[in-house]
Amino acid sequence: MTTTDQPVPVPVRADRAAGVVLASACGDALGAGYEFGPPLGADTPVLMKGGGSFGWKPGEWTDDTQMALAILTPLAEGGPRLESIEAGFRAWYASDPADVGNQTRAVLGQSGPLAEVAAAHLTSKPGSAGNGSLMRTGPVALAHPGDPEAIAELARAISALTHPGDDCEDACVLWSVAIDHTIHHAPDSRHHWDWADAVRAGLVHLPDDRRSRWEALIDEAATAEPVDFHRNNGWVVNAFQAALAAACATPVPHGDRPGDHLRLALERAVRGGSDTDTVAAIAGALLGARWGATAVPFSWRRLLRGHRVYGEPTLDAADLERMARRAFNGGRPGAQDWPGVAKLVDYYQTHFADRPRRTTIGGVDFGNVHALAEAFDDGVDTVISLCRMGTDDVPTGVEHHVIGLLDTTEAENPNLVLLLAEVVDGIAALKAEGRHVFVHCVQAQNRTPTVAAAWLVHEGATPDDAVSEAARLLNRPKPFLISAVHKSVSG
Ligand SMILES: [Mg+2]
């Protein structure tokens, strides 16, 4: 097993927990437009285009994430679990969702305690082993960080609410434990991580007599391609194998952007064909545990949205990230009641008092958090925050993205170069749409001048000139951030 002796930094673990939910939802939304389609060639672009059999909007997640949200919601609120999850499944089904899996419909379509209804259904149809519980199991791993025994027990119980039976329950146990194991033990992004070994970590939580079969299934997937399982990837075992194959078969990019493996592996999962959204949703939960929310492409994050229960307001990437972080923290927010607090700007004004600072660099506004109000007065319609923000700090109607760039250390920024490239490409796309963009952090001392310099490099400046200009107008960032600006040129 490739693990590190160094404990994973706390902010990286939290980013990974958020990545579990966010990357799974992205895989779901990416695959939605290709569901039931044939395998695609390696060079075929895979786009978050929506459509498909159910007419999804571009970036809209499907039943996989909708059901995962029934699990995530009570975990994020720290409330009681199994009963709330059962109630969440019921409320979702009652809201007349666009797509419901066959086995899920057979169970949720009847009244009575779900586990009992599901067990009776299994008795009447002993072969049933759909992928409908594995597709939503990601959040289960966030319920008991670092406690695989408890995760395994919960994964089995939640699967049994709709998908009882050895194969479905075992797959959920293995995948959920693998996610937790990856969050806590995967080394920093420069080092190798063995995906199949991560999944093997859960074998001890299966009954003795079922381990060798799963070991063989894992071995088979570790050297296969997702497409090898496409004929029957609605079956939980083949969906599990296809998802693992997507992670294993996709080479990790050389250079400074290894986290781009997350995107590449999800595209590969979708190219496998058939139940594309579900295979990619399953793969995304594990990929996100390794690479984190900061490896999710900006363009995907921007498009991503969907339902929890139909009729309620739709949720977006920021909602998923907030809920995942709280679930991973026992249902509680952290310091300053973030994430979830309505206003953080007041806190910044008290603890980091400064005058509003804002300057235009390459046609984009950069500055500190104190300049937000005047930016809105000047017609800024898009805000990219490089610091924690409250849910109500930016008015409704202004497009808002919070990017997890930290000004602390390189070790706490596992996707630094990738993230800079993604933000800069995002700014370019926003500008091309005619949007008035304001990029800020708290004090504009490190994060904001770093993005400003990367933006200037994107616009044609040399890294040295770009850093000098950002330093002149704002502040000279820490050396590890300057180094990232230089690296953002290549690749
Ligand atoms: Mg689906």
# chains A, B, ... in the order shown; residues from 1 in each chain; ligands from 1
>>> select_by_dssp(residues="region 339-478 of chain A", states="strand (DSSP E or B)", output="list in words")
Arg358, Thr359, Thr360, Ile361, Val364, Asp365, Phe366, Gly367, Asn368, Thr382, Val383, Ile384, Ser385, Glu399, His400, His401, Val402, Val437, Phe438, Val439, His440 and Cys441 of chain A
>>> residues_around(residues="Gly272 (chain A)", least_positions_apart="2", cutoff="12 Å", atoms="only C-alpha atoms", output="ChimeraX atom specification")
/A:31,34-42,44,46,224-233,238-239,241-243,245-246,249,265-270,274-280
>>> residues_near_ligand(ligand="ligand 1", cutoff="7 Å", atoms="only C-alpha atoms and all ligand atoms", output="PyMOL selection string")
chain A and resi 28+32+62-64+99+277-278
>>> atom_distance(atom1="CA of Ser488 (chain A)", atom2="CA of Val467 (chain A)")
12.3 Å
>>> closest_residue(among="A:Asp43, A:Arg16, A:Gly88, A:Ala98", to="His181 (chain A)", atoms="only C-alpha atoms")
A:Arg16
>>> select_by_dssp(residues="region 84-178 of chain A", states="helix (DSSP H, G or I)", output="PyMOL selection string")
chain A and resi 84-94+102-108+114-124+134-136+138-142+148-159+166-178
>>> residues_around(residues="region 127-143 of chain A", least_positions_apart="2", cutoff="8 Å", atoms="only C-alpha atoms", output="PyMOL selection string")
chain A and resi 17+20-21+24+64-65+67-68+71-72+75+101+103-104+122+125+145+151+154-155+158-159+162-163+165+167-168+171-172+175-177+179-180+233-237+239-240+278-279+281-282+285-286+324+327-328+330
>>> closest_residue(among="A:Pro74, A:Gln66, A:Ala115, A:Lys431", to="Val100 (chain A)", atoms="only C-alpha atoms")
A:Gln66
>>> residues_around(residues="Leu22 (chain A)", least_positions_apart="5", cutoff="8 Å", atoms="only C-alpha atoms", output="list in words")
Gly284, Ala285, Gly288, Ala293, Val296, Ala317, Leu320 and Glu321 of chain A
>>> residues_around(residues="His261 (chain A)", least_positions_apart="2", cutoff="9 Å", atoms="only C-alpha atoms", output="list of chain:residue names")
A:Ala247, A:Thr250, A:Pro251, A:Val252, A:Pro253, A:Arg257, A:Pro258, A:Gly259, A:Arg263, A:Leu264, A:Ala265, A:Leu266, A:Leu287, A:Trp291, A:Ala295
>>> write_last_selection(atoms="C-alpha atoms", output="PDB file, in the first residue's frame")
ATOM      1  CA  ALA A 247      -9.548   5.374 -11.737  1.00  0.00           C
ATOM      2  CA  THR A 250      -6.400   6.641 -16.351  1.00  0.00           C
ATOM      3  CA  PRO A 251      -2.760   7.735 -16.166  1.00  0.00           C
ATOM      4  CA  VAL A 252      -2.029  10.483 -13.661  1.00  0.00           C
ATOM      5  CA  PRO A 253      -0.727  13.460 -15.681  1.00  0.00           C
ATOM      6  CA  ARG A 257      -1.292  19.202 -12.394  1.00  0.00           C
ATOM      7  CA  PRO A 258      -1.720  15.586 -11.228  1.00  0.00           C
ATOM      8  CA  GLY A 259      -5.181  16.423  -9.878  1.00  0.00           C
ATOM      9  CA  ARG A 263     -11.442  15.066 -14.776  1.00  0.00           C
ATOM     10  CA  LEU A 264      -9.726  12.602 -17.083  1.00  0.00           C
ATOM     11  CA  ALA A 265     -10.906   9.556 -15.131  1.00  0.00           C
ATOM     12  CA  LEU A 266     -14.513  10.794 -15.043  1.00  0.00           C
ATOM     13  CA  LEU A 287     -11.588  10.232  -7.134  1.00  0.00           C
ATOM     14  CA  TRP A 291      -7.828  14.826  -5.342  1.00  0.00           C
ATOM     15  CA  ALA A 295      -9.397  19.479  -8.475  1.00  0.00           C
TER      16      ALA A 295
END
>>> residues_around(residues="Val424 (chain A)", least_positions_apart="2", cutoff="10 Å", atoms="only C-alpha atoms", output="list of chain:residue names")
A:Phe298, A:Leu418, A:Leu419, A:Leu420, A:Ala421, A:Glu422, A:Gly426, A:Ile427, A:Ala428, A:Ala429, A:Leu430, A:Val451, A:Ala452, A:Ala453, A:Ala454, A:Trp455, A:Leu456, A:Val457, A:His458, A:Glu459, A:Ser488
>>> write_last_selection(atoms="C-alpha atoms", output="PDB file, in the first residue's frame")
ATOM      1  CA  PHE A 298     -14.156  25.466 -12.617  1.00  0.00           C
ATOM      2  CA  LEU A 418      -4.221  23.281 -11.490  1.00  0.00           C
ATOM      3  CA  LEU A 419      -6.428  25.582  -9.453  1.00  0.00           C
ATOM      4  CA  LEU A 420      -4.696  28.703 -10.782  1.00  0.00           C
ATOM      5  CA  ALA A 421      -5.097  27.473 -14.339  1.00  0.00           C
ATOM      6  CA  GLU A 422      -8.763  26.679 -13.755  1.00  0.00           C
ATOM      7  CA  GLY A 426     -12.770  30.638 -15.753  1.00  0.00           C
ATOM      8  CA  ILE A 427     -12.067  34.370 -15.692  1.00  0.00           C
ATOM      9  CA  ALA A 428     -11.402  34.274 -19.425  1.00  0.00           C
ATOM     10  CA  ALA A 429     -14.716  32.505 -20.053  1.00  0.00           C
ATOM     11  CA  LEU A 430     -16.597  34.972 -17.851  1.00  0.00           C
ATOM     12  CA  VAL A 451      -4.407  35.031  -9.237  1.00  0.00           C
ATOM     13  CA  ALA A 452      -3.822  38.501 -10.686  1.00  0.00           C
ATOM     14  CA  ALA A 453      -0.306  37.462 -11.731  1.00  0.00           C
ATOM     15  CA  ALA A 454      -1.571  34.190 -13.204  1.00  0.00           C
ATOM     16  CA  TRP A 455      -4.171  36.194 -15.103  1.00  0.00           C
ATOM     17  CA  LEU A 456      -1.480  38.484 -16.520  1.00  0.00           C
ATOM     18  CA  VAL A 457       0.515  35.417 -17.589  1.00  0.00           C
ATOM     19  CA  HIS A 458      -2.617  34.149 -19.311  1.00  0.00           C
ATOM     20  CA  GLU A 459      -2.826  37.516 -21.065  1.00  0.00           C
ATOM     21  CA  SER A 488       1.223  27.730 -14.391  1.00  0.00           C
TER      22      SER A 488
END
>>> residues_around(residues="Ala444 (chain A)", least_positions_apart="5", cutoff="9 Å", atoms="only C-alpha atoms", output="JSON, numbers by chain")
{"A": [357, 358, 366, 367, 368, 369, 449, 474, 475]}
>>> closest_residue(among="A:Asp378, A:Glu412, A:Glu469, A:Glu312", to="Ala14 (chain A)", atoms="only C-alpha atoms")
A:Glu412
>>> atom_distance(atom1="CA of Pro11 (chain A)", atom2="CA of Asp337 (chain A)")
15.9 Å
>>> decode(residues="region 300-350 of chain A", atoms="N, CA and C atoms", output="compact mmCIF listing (two decimals), in the first residue's frame")
# COMPACT_ATOMS: atom_id res chain seq x y z
N TRP A 300 -17.06 22.96 -14.67
CA TRP A 300 -18.06 22.01 -14.17
C TRP A 300 -18.75 22.58 -12.94
N ARG A 301 -17.93 23.12 -12.03
CA ARG A 301 -18.46 23.68 -10.79
C ARG A 301 -19.49 24.77 -11.11
N ARG A 302 -19.21 25.51 -12.17
CA ARG A 302 -20.07 26.62 -12.53
C ARG A 302 -21.43 26.13 -13.06
N LEU A 303 -21.41 25.04 -13.79
CA LEU A 303 -22.65 24.52 -14.39
C LEU A 303 -23.47 23.68 -13.42
N LEU A 304 -22.78 23.08 -12.45
CA LEU A 304 -23.40 22.03 -11.63
C LEU A 304 -24.59 22.54 -10.81
N ARG A 305 -25.70 21.86 -10.90
CA ARG A 305 -26.84 22.12 -10.03
C ARG A 305 -27.84 20.99 -10.15
N GLY A 306 -28.80 21.00 -9.22
CA GLY A 306 -29.80 19.94 -9.30
C GLY A 306 -30.72 19.93 -8.10
N HIS A 307 -31.57 18.93 -8.10
CA HIS A 307 -32.60 18.81 -7.07
C HIS A 307 -32.12 17.92 -5.92
N ARG A 308 -32.66 18.20 -4.76
CA ARG A 308 -32.67 17.21 -3.68
C ARG A 308 -34.07 16.59 -3.69
N VAL A 309 -35.06 17.43 -3.46
CA VAL A 309 -36.46 17.03 -3.60
C VAL A 309 -37.06 17.98 -4.62
N TYR A 310 -37.79 17.45 -5.59
CA TYR A 310 -38.42 18.30 -6.61
C TYR A 310 -39.42 19.23 -5.93
N GLY A 311 -39.45 20.48 -6.39
CA GLY A 311 -40.33 21.47 -5.78
C GLY A 311 -39.60 22.37 -4.80
N GLU A 312 -38.46 21.89 -4.27
CA GLU A 312 -37.60 22.74 -3.43
C GLU A 312 -36.67 23.52 -4.34
N PRO A 313 -36.09 24.62 -3.81
CA PRO A 313 -35.09 25.34 -4.62
C PRO A 313 -33.95 24.39 -5.01
N THR A 314 -33.40 24.57 -6.21
CA THR A 314 -32.29 23.71 -6.61
C THR A 314 -31.03 24.08 -5.82
N LEU A 315 -30.12 23.13 -5.75
CA LEU A 315 -28.85 23.32 -5.05
C LEU A 315 -27.73 23.41 -6.09
N ASP A 316 -26.58 23.96 -5.66
CA ASP A 316 -25.45 24.06 -6.57
C ASP A 316 -24.17 23.55 -5.91
N ALA A 317 -23.05 23.78 -6.58
CA ALA A 317 -21.78 23.23 -6.09
C ALA A 317 -21.45 23.75 -4.69
N ALA A 318 -21.71 25.03 -4.46
CA ALA A 318 -21.40 25.61 -3.14
C ALA A 318 -22.22 24.94 -2.05
N ASP A 319 -23.48 24.61 -2.36
CA ASP A 319 -24.33 23.92 -1.37
C ASP A 319 -23.76 22.53 -1.06
N LEU A 320 -23.35 21.83 -2.09
CA LEU A 320 -22.79 20.49 -1.88
C LEU A 320 -21.53 20.57 -1.02
N GLU A 321 -20.69 21.53 -1.34
CA GLU A 321 -19.43 21.67 -0.61
C GLU A 321 -19.68 22.01 0.85
N ARG A 322 -20.61 22.90 1.09
CA ARG A 322 -20.94 23.29 2.47
C ARG A 322 -21.47 22.09 3.25
N MET A 323 -22.38 21.35 2.64
CA MET A 323 -22.98 20.20 3.34
C MET A 323 -21.94 19.12 3.60
N ALA A 324 -21.07 18.87 2.62
CA ALA A 324 -20.06 17.82 2.78
C ALA A 324 -19.09 18.18 3.90
N ARG A 325 -18.67 19.43 3.94
CA ARG A 325 -17.72 19.85 4.98
C ARG A 325 -18.35 19.73 6.36
N ARG A 326 -19.60 20.10 6.47
CA ARG A 326 -20.27 19.99 7.77
C ARG A 326 -20.47 18.52 8.15
N ALA A 327 -20.85 17.70 7.20
CA ALA A 327 -21.02 16.27 7.51
C ALA A 327 -19.72 15.67 8.01
N PHE A 328 -18.63 16.06 7.39
CA PHE A 328 -17.32 15.52 7.75
C PHE A 328 -16.88 16.03 9.13
N ASN A 329 -17.51 17.10 9.57
CA ASN A 329 -17.19 17.69 10.87
C ASN A 329 -18.29 17.37 11.89
N GLY A 330 -18.94 16.23 11.74
CA GLY A 330 -19.95 15.80 12.70
C GLY A 330 -21.23 16.60 12.65
N GLY A 331 -21.48 17.27 11.53
CA GLY A 331 -22.71 18.03 11.39
C GLY A 331 -22.60 19.46 11.90
N ARG A 332 -21.40 19.85 12.25
CA ARG A 332 -21.20 21.19 12.82
C ARG A 332 -20.34 22.05 11.88
N PRO A 333 -20.52 23.38 11.96
CA PRO A 333 -19.56 24.24 11.25
C PRO A 333 -18.28 24.33 12.06
N GLY A 334 -17.28 24.97 11.49
CA GLY A 334 -16.02 25.18 12.19
C GLY A 334 -15.94 26.59 12.75
N ALA A 335 -14.73 27.14 12.75
CA ALA A 335 -14.51 28.48 13.29
C ALA A 335 -15.37 29.50 12.56
N GLN A 336 -15.82 30.51 13.28
CA GLN A 336 -16.69 31.58 12.74
C GLN A 336 -17.97 31.02 12.13
N ASP A 337 -18.37 29.81 12.60
CA ASP A 337 -19.60 29.17 12.11
C ASP A 337 -19.60 28.91 10.61
N TRP A 338 -18.40 28.86 10.01
CA TRP A 338 -18.28 28.54 8.58
C TRP A 338 -17.99 27.05 8.44
N PRO A 339 -18.55 26.41 7.40
CA PRO A 339 -19.45 26.96 6.36
C PRO A 339 -20.91 26.92 6.80
N GLY A 340 -21.66 27.83 6.25
CA GLY A 340 -23.08 27.89 6.54
C GLY A 340 -23.49 29.21 7.16
N VAL A 341 -22.52 29.93 7.76
CA VAL A 341 -22.83 31.22 8.36
C VAL A 341 -23.30 32.19 7.27
N ALA A 342 -24.28 33.05 7.62
CA ALA A 342 -24.85 33.94 6.61
C ALA A 342 -23.86 35.04 6.22
N LYS A 343 -23.19 35.64 7.21
CA LYS A 343 -22.32 36.79 6.93
C LYS A 343 -20.94 36.56 7.54
N LEU A 344 -19.92 36.67 6.73
CA LEU A 344 -18.55 36.63 7.25
C LEU A 344 -17.84 37.98 7.06
N VAL A 345 -18.38 38.80 6.18
CA VAL A 345 -17.73 40.08 5.89
C VAL A 345 -17.65 40.93 7.16
N ASP A 346 -18.68 40.87 8.01
CA ASP A 346 -18.65 41.62 9.27
C ASP A 346 -17.46 41.20 10.12
N TYR A 347 -17.22 39.90 10.15
CA TYR A 347 -16.07 39.38 10.91
C TYR A 347 -14.76 39.91 10.33
N TYR A 348 -14.66 39.88 9.01
CA TYR A 348 -13.44 40.39 8.37
C TYR A 348 -13.25 41.88 8.68
N GLN A 349 -14.35 42.62 8.68
CA GLN A 349 -14.23 44.06 8.93
C GLN A 349 -13.75 44.34 10.35
N THR A 350 -14.13 43.47 11.28
CA THR A 350 -13.70 43.64 12.67
C THR A 350 -12.25 43.21 12.85
